[in-house]
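**Student:** Got a structure for you, written out below as structure tokens; questions coming shortly.
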Amino acid sequence: MTLDAGRTAPDPDPPPTDGAGFTAAIDLSAVHTQLEPLSPEQRIAWAVETFGDQVMLLASMQKTSIVLMHMFHRLGLRNEVLFIDTGYHFVETLQLRDEVMRRFGLNVVSLYPSLTIEDQEARYGKKLFNFVDGQPECCYLRKEAPLVRHLERKARPVTVGGLRRGEGGKRAGIQILSRDPRTQGFALSPIFDWRGEDVEAYIRQHDLPVHALHAQGFPSIGCYPCTTAVQPGEDPRAGRWRHLRQAGFAEGPRYCGVNYSDGGGI
């Protein structure tokens with residue numbers, strides 16, 4: 001179930017309801033049963049055949065993101081690949097974005113916050129990410145808000161991401177397709193059932209580029225003020241917001257909230 005190179009499958013005739021009615025009518029359990037036996041590429045192809053150009057890939061430049069970008073490339077999709085430029089990315093993250101754009105020829109769309117870093121600090125009087133009560137607002141302003149603002153322009157957006165059950169926590173219960181009430185759309189997790197070894201094997205098989213910081217002890221990479229290397233034996237996400245835990249905040253964050261399921265959807 002692949003698409004011809006260079007084209008996006010047309011959106012099929014929708015049922016006689018508006019977008020919200022269409023969204024409500026989808027049986028997520030039945031979709032999961034239908035898609036579970038398929039390959040990740042077939043799951044993506046199904047989404048594009050069902051939702052057309054409303055399907056968009058969230059590109060974080062992590063390993064799972066690179067895998068999914070390659071699958072979009074193999075399927076010949078011109079659907080949007082969304083990269084949220086927070087203004088705090090590592091140089092290596094931006095370099096990888098540009099390399100993948102050139103190599104795969106994808107339709108990469110960079111999204112930006114409404115406030116510059118300087119304007120944000122002037123408005124709040126501090127660097128929000130240095131405070132446990134400010135970090136959620138910083139992540140919202142610089143990640144979630146630009147994404148939601150873009151998706152609200154779509155009829156029934158479907159964001160494709162690399163969440164896996166093997167990551168544990170709230171992600172242990174994700175389904176292939178889940179609702180995102182922020183946009184009345186959906187989130188598709190085509191590699192939800194992959195292990196970390198599956199991701200690594202795909203990257204080796206297709207000789208894909210990976211983030212340069214992975215080789216320097218960064219298994220999970222976000223914004224540079226909030227990401228550090230991980231020591232042997234630590235949780236793969238121990239390097240995210242480490243500075244808040246070191247400052248004495250016992251309950252430091254684990255996720256930024258850009259994925260709805262991380263914030264309360266599961």
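In the structure tokens, each chain is lettered A, B, ... as it comes, each chain's residues begin at 1, and ligands are numbered from 1 in order of appearance.
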Using the chain letters and numbers from this document, which residues of segment 47-261 of chain A does DSSP assign to strand (DSSP E), as a list in words?
**Tutor:** Val55, Met56, Leu57, Leu58, Glu80, Val81, Leu82, Phe83, Ile84, Asn107, Val108, Val109, Ser110, Leu111, Val158, Thr159, Val160, Leu177, Ser178, Arg179, Asp180, Gly185, Phe186, Ala187 and Leu188 of chain A
**Student:** Using only C-alpha atoms, please write the residues we just selected to a file, as an mmCIF file, in the first residue's frame.
**Tutor:**
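Saved to again.cif:
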```
data_model
loop_
_atom_site.group_PDB
_atom_site.id
_atom_site.type_symbol
_atom_site.label_atom_id
_atom_site.label_comp_id
_atom_site.auth_asym_id
_atom_site.auth_seq_id
_atom_site.Cartn_x
_atom_site.Cartn_y
_atom_site.Cartn_z
ATOM 1 C CA VAL A 55 -1.520 14.592 7.441
ATOM 2 C CA MET A 56 1.638 16.305 8.706
ATOM 3 C CA LEU A 57 4.825 14.910 10.203
ATOM 4 C CA LEU A 58 6.257 16.429 13.387
ATOM 5 C CA GLU A 80 4.029 19.112 5.291
ATOM 6 C CA VAL A 81 6.888 18.151 7.580
ATOM 7 C CA LEU A 82 6.664 20.503 10.550
ATOM 8 C CA PHE A 83 9.804 21.678 12.344
ATOM 9 C CA ILE A 84 9.234 23.897 15.376
ATOM 10 C CA ASN A 107 8.208 19.767 2.176
ATOM 11 C CA VAL A 108 9.672 21.051 5.452
ATOM 12 C CA VAL A 109 7.764 23.925 7.078
ATOM 13 C CA SER A 110 9.453 25.705 9.985
ATOM 14 C CA LEU A 111 7.134 27.120 12.656
ATOM 15 C CA VAL A 158 -3.378 14.458 11.669
ATOM 16 C CA THR A 159 0.097 14.838 13.157
ATOM 17 C CA VAL A 160 2.484 11.935 12.644
ATOM 18 C CA LEU A 177 -4.399 6.775 16.138
ATOM 19 C CA SER A 178 -5.580 8.995 18.992
ATOM 20 C CA ARG A 179 -7.632 12.169 19.206
ATOM 21 C CA ASP A 180 -6.052 15.564 19.799
ATOM 22 C CA GLY A 185 -7.841 16.226 14.845
ATOM 23 C CA PHE A 186 -5.677 13.191 15.471
ATOM 24 C CA ALA A 187 -2.181 12.001 16.253
ATOM 25 C CA LEU A 188 -0.783 9.026 14.341
#
```
**Student:** As a ChimeraX atom specification, please: every residue in segment 84-151 of chain A that a backbone DSSP assignment puts in helix (DSSP H, G or I).
**Tutor:** /A:91-104,117-124,128-130,135-151
**Student:** Can you write just those residues out, N, CA and C atoms, as a compact mmCIF listing (two decimals), in the first residue's frame?
**Tutor:**
```
# COMPACT_ATOMS: atom_id res chain seq x y z
N VAL A 91 22.93 23.93 17.41
CA VAL A 91 23.34 24.14 16.02
C VAL A 91 23.25 22.83 15.24
N GLU A 92 23.60 21.72 15.90
CA GLU A 92 23.57 20.41 15.24
C GLU A 92 22.17 20.02 14.82
N THR A 93 21.16 20.46 15.57
CA THR A 93 19.77 20.17 15.20
C THR A 93 19.40 20.88 13.90
N LEU A 94 19.77 22.13 13.80
CA LEU A 94 19.47 22.90 12.59
C LEU A 94 20.26 22.38 11.39
N GLN A 95 21.48 21.96 11.63
CA GLN A 95 22.28 21.39 10.54
C GLN A 95 21.66 20.10 10.02
N LEU A 96 21.15 19.25 10.93
CA LEU A 96 20.51 18.01 10.51
C LEU A 96 19.23 18.30 9.75
N ARG A 97 18.44 19.27 10.20
CA ARG A 97 17.23 19.66 9.47
C ARG A 97 17.58 20.01 8.03
N ASP A 98 18.60 20.83 7.85
CA ASP A 98 18.97 21.26 6.50
C ASP A 98 19.50 20.10 5.66
N GLU A 99 20.25 19.20 6.29
CA GLU A 99 20.78 18.05 5.56
C GLU A 99 19.65 17.14 5.08
N VAL A 100 18.68 16.89 5.94
CA VAL A 100 17.57 16.02 5.58
C VAL A 100 16.70 16.67 4.49
N MET A 101 16.52 17.98 4.58
CA MET A 101 15.76 18.68 3.54
C MET A 101 16.41 18.47 2.17
N ARG A 102 17.74 18.61 2.12
CA ARG A 102 18.44 18.44 0.84
C ARG A 102 18.41 16.99 0.38
N ARG A 103 18.60 16.06 1.31
CA ARG A 103 18.73 14.65 0.95
C ARG A 103 17.41 14.02 0.54
N PHE A 104 16.33 14.35 1.24
CA PHE A 104 15.05 13.71 1.02
C PHE A 104 14.09 14.55 0.17
N ILE A 117 13.04 35.46 21.72
CA ILE A 117 13.58 35.14 23.04
C ILE A 117 13.68 36.41 23.89
N GLU A 118 14.16 37.50 23.29
CA GLU A 118 14.33 38.75 24.02
C GLU A 118 12.99 39.32 24.47
N ASP A 119 11.99 39.26 23.59
CA ASP A 119 10.66 39.78 23.95
C ASP A 119 10.04 38.93 25.06
N GLN A 120 10.23 37.63 25.01
CA GLN A 120 9.67 36.76 26.04
C GLN A 120 10.29 37.06 27.39
N GLU A 121 11.60 37.22 27.44
CA GLU A 121 12.26 37.50 28.71
C GLU A 121 11.87 38.88 29.24
N ALA A 122 11.68 39.85 28.33
CA ALA A 122 11.24 41.17 28.77
C ALA A 122 9.83 41.12 29.33
N ARG A 123 8.95 40.32 28.71
CA ARG A 123 7.57 40.24 29.18
C ARG A 123 7.47 39.56 30.54
N TYR A 124 8.23 38.49 30.74
CA TYR A 124 8.11 37.70 31.97
C TYR A 124 9.16 38.07 33.02
N LEU A 128 12.22 31.80 31.65
CA LEU A 128 11.19 30.90 32.17
C LEU A 128 11.71 29.49 32.41
N PHE A 129 12.60 29.01 31.53
CA PHE A 129 13.04 27.62 31.63
C PHE A 129 13.86 27.34 32.87
N ASN A 130 14.27 28.37 33.60
CA ASN A 130 15.05 28.16 34.82
C ASN A 130 14.19 27.95 36.05
N GLN A 135 8.85 26.69 33.31
CA GLN A 135 9.18 25.78 32.20
C GLN A 135 7.97 25.38 31.37
N PRO A 136 6.83 25.01 31.99
CA PRO A 136 5.67 24.65 31.15
C PRO A 136 5.22 25.79 30.25
N GLU A 137 5.30 27.03 30.76
CA GLU A 137 4.90 28.18 29.96
C GLU A 137 5.88 28.41 28.81
N CYS A 138 7.16 28.22 29.08
CA CYS A 138 8.17 28.36 28.04
C CYS A 138 7.96 27.34 26.94
N CYS A 139 7.73 26.09 27.31
CA CYS A 139 7.50 25.04 26.33
C CYS A 139 6.22 25.30 25.55
N TYR A 140 5.21 25.84 26.24
CA TYR A 140 3.96 26.14 25.55
C TYR A 140 4.18 27.25 24.53
N LEU A 141 4.81 28.33 24.95
CA LEU A 141 5.00 29.48 24.08
C LEU A 141 5.86 29.17 22.87
N ARG A 142 6.89 28.35 23.07
CA ARG A 142 7.90 28.17 22.03
C ARG A 142 7.73 26.88 21.25
N LYS A 143 6.89 25.96 21.74
CA LYS A 143 6.67 24.70 21.03
C LYS A 143 5.20 24.47 20.70
N GLU A 144 4.39 24.34 21.76
CA GLU A 144 3.01 23.93 21.56
C GLU A 144 2.18 24.99 20.84
N ALA A 145 2.30 26.25 21.26
CA ALA A 145 1.47 27.30 20.66
C ALA A 145 1.72 27.47 19.16
N PRO A 146 2.98 27.51 18.69
CA PRO A 146 3.18 27.62 17.24
C PRO A 146 2.59 26.43 16.47
N LEU A 147 2.70 25.23 17.06
CA LEU A 147 2.13 24.06 16.40
C LEU A 147 0.62 24.14 16.33
N VAL A 148 -0.02 24.40 17.46
CA VAL A 148 -1.49 24.44 17.49
C VAL A 148 -2.01 25.56 16.60
N ARG A 149 -1.33 26.70 16.59
CA ARG A 149 -1.75 27.82 15.73
C ARG A 149 -1.74 27.41 14.26
N HIS A 150 -0.73 26.63 13.87
CA HIS A 150 -0.66 26.16 12.49
C HIS A 150 -1.74 25.13 12.20
N LEU A 151 -1.94 24.20 13.13
CA LEU A 151 -2.91 23.13 12.91
C LEU A 151 -4.34 23.63 12.91
```
**Student:** Might you pull out every residue within 9 Å of Tyr88 of chain A, with only C-alpha atoms counted and same-chain residues fewer than 3 positions away left off, and present them as number ranges by chain?
**Tutor:** A: 85, 117, 222-225
**Student:** Counting only C-alpha atoms, which residue out of A:Asp27, A:Met71, A:His32, A:Leu38 sits closest to Ile174 of chain A?
**Tutor:**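 So, comparing all the options, the nearest one is A:His32.
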**Student:** What is the distance between atom CA of Glu167 of chain A and atom CA of Ala247 of chain A, in Å to one decimal?
**Tutor:**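 It comes out at 26.0 Å.
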**Student:** Give the answer as one residue: which of A:Ser189, A:Leu75, A:Gln175, A:Pro157 has the shortest atom-to-atom distance to Thr33 of chain A, using only C-alpha atoms?
**Tutor:** A:Gln175
**Student:** So, counting only C-alpha atoms, which residue among A:Gly233, A:Ala201, A:Gly161, A:Cys226 is closest to Gln62 of chain A?
**Tutor:**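 The answer is A:Gly161, which sits nearest to Gln62 of chain A.
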**Student:** As an exercise, work out the distance from atom CA of Val199 of chain A to atom CA of Arg164 of chain A in Å and give it to one decimal place.
**Tutor:** 10.3 Å
**Student:** Report as a PyMOL selection string all protein, DNA and RNA residues lying within 12 Å of His206 of chain A, evaluated on only C-alpha atoms, omitting residues in the same chain fewer than 6 positions from it.
**Tutor:** chain A and resi 66-67+70-71+73-74+199-200
**Student:** What does the file look like for those residues with N, CA and C atoms, as a PDB file, in the first residue's frame?
**Tutor:**
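Written output follows (again_38.pdb):
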```pdb
ATOM      1  N   ILE A  66      13.810  10.968  12.120  1.00  0.00           N
ATOM      2  CA  ILE A  66      14.551  10.724  10.882  1.00  0.00           C
ATOM      3  C   ILE A  66      13.989   9.497  10.163  1.00  0.00           C
ATOM      4  N   VAL A  67      13.645   8.464  10.917  1.00  0.00           N
ATOM      5  CA  VAL A  67      13.047   7.262  10.329  1.00  0.00           C
ATOM      6  C   VAL A  67      11.744   7.613   9.612  1.00  0.00           C
ATOM      7  N   HIS A  70      12.218   9.572   6.449  1.00  0.00           N
ATOM      8  CA  HIS A  70      12.644   8.692   5.358  1.00  0.00           C
ATOM      9  C   HIS A  70      11.452   7.943   4.783  1.00  0.00           C
ATOM     10  N   MET A  71      10.515   7.520   5.625  1.00  0.00           N
ATOM     11  CA  MET A  71       9.321   6.834   5.140  1.00  0.00           C
ATOM     12  C   MET A  71       8.473   7.769   4.286  1.00  0.00           C
ATOM     13  N   HIS A  73       9.640  10.129   2.515  1.00  0.00           N
ATOM     14  CA  HIS A  73      10.422  10.210   1.279  1.00  0.00           C
ATOM     15  C   HIS A  73      10.160   8.994   0.397  1.00  0.00           C
ATOM     16  N   ARG A  74      10.172   7.803   0.985  1.00  0.00           N
ATOM     17  CA  ARG A  74       9.957   6.577   0.218  1.00  0.00           C
ATOM     18  C   ARG A  74       8.550   6.528  -0.377  1.00  0.00           C
ATOM     19  N   VAL A 199      14.378   0.765  15.607  1.00  0.00           N
ATOM     20  CA  VAL A 199      14.742   2.087  15.101  1.00  0.00           C
ATOM     21  C   VAL A 199      16.189   2.081  14.621  1.00  0.00           C
ATOM     22  N   GLU A 200      17.074   1.521  15.457  1.00  0.00           N
ATOM     23  CA  GLU A 200      18.498   1.485  15.101  1.00  0.00           C
ATOM     24  C   GLU A 200      18.728   0.647  13.845  1.00  0.00           C
TER      25      GLU A 200
END
```
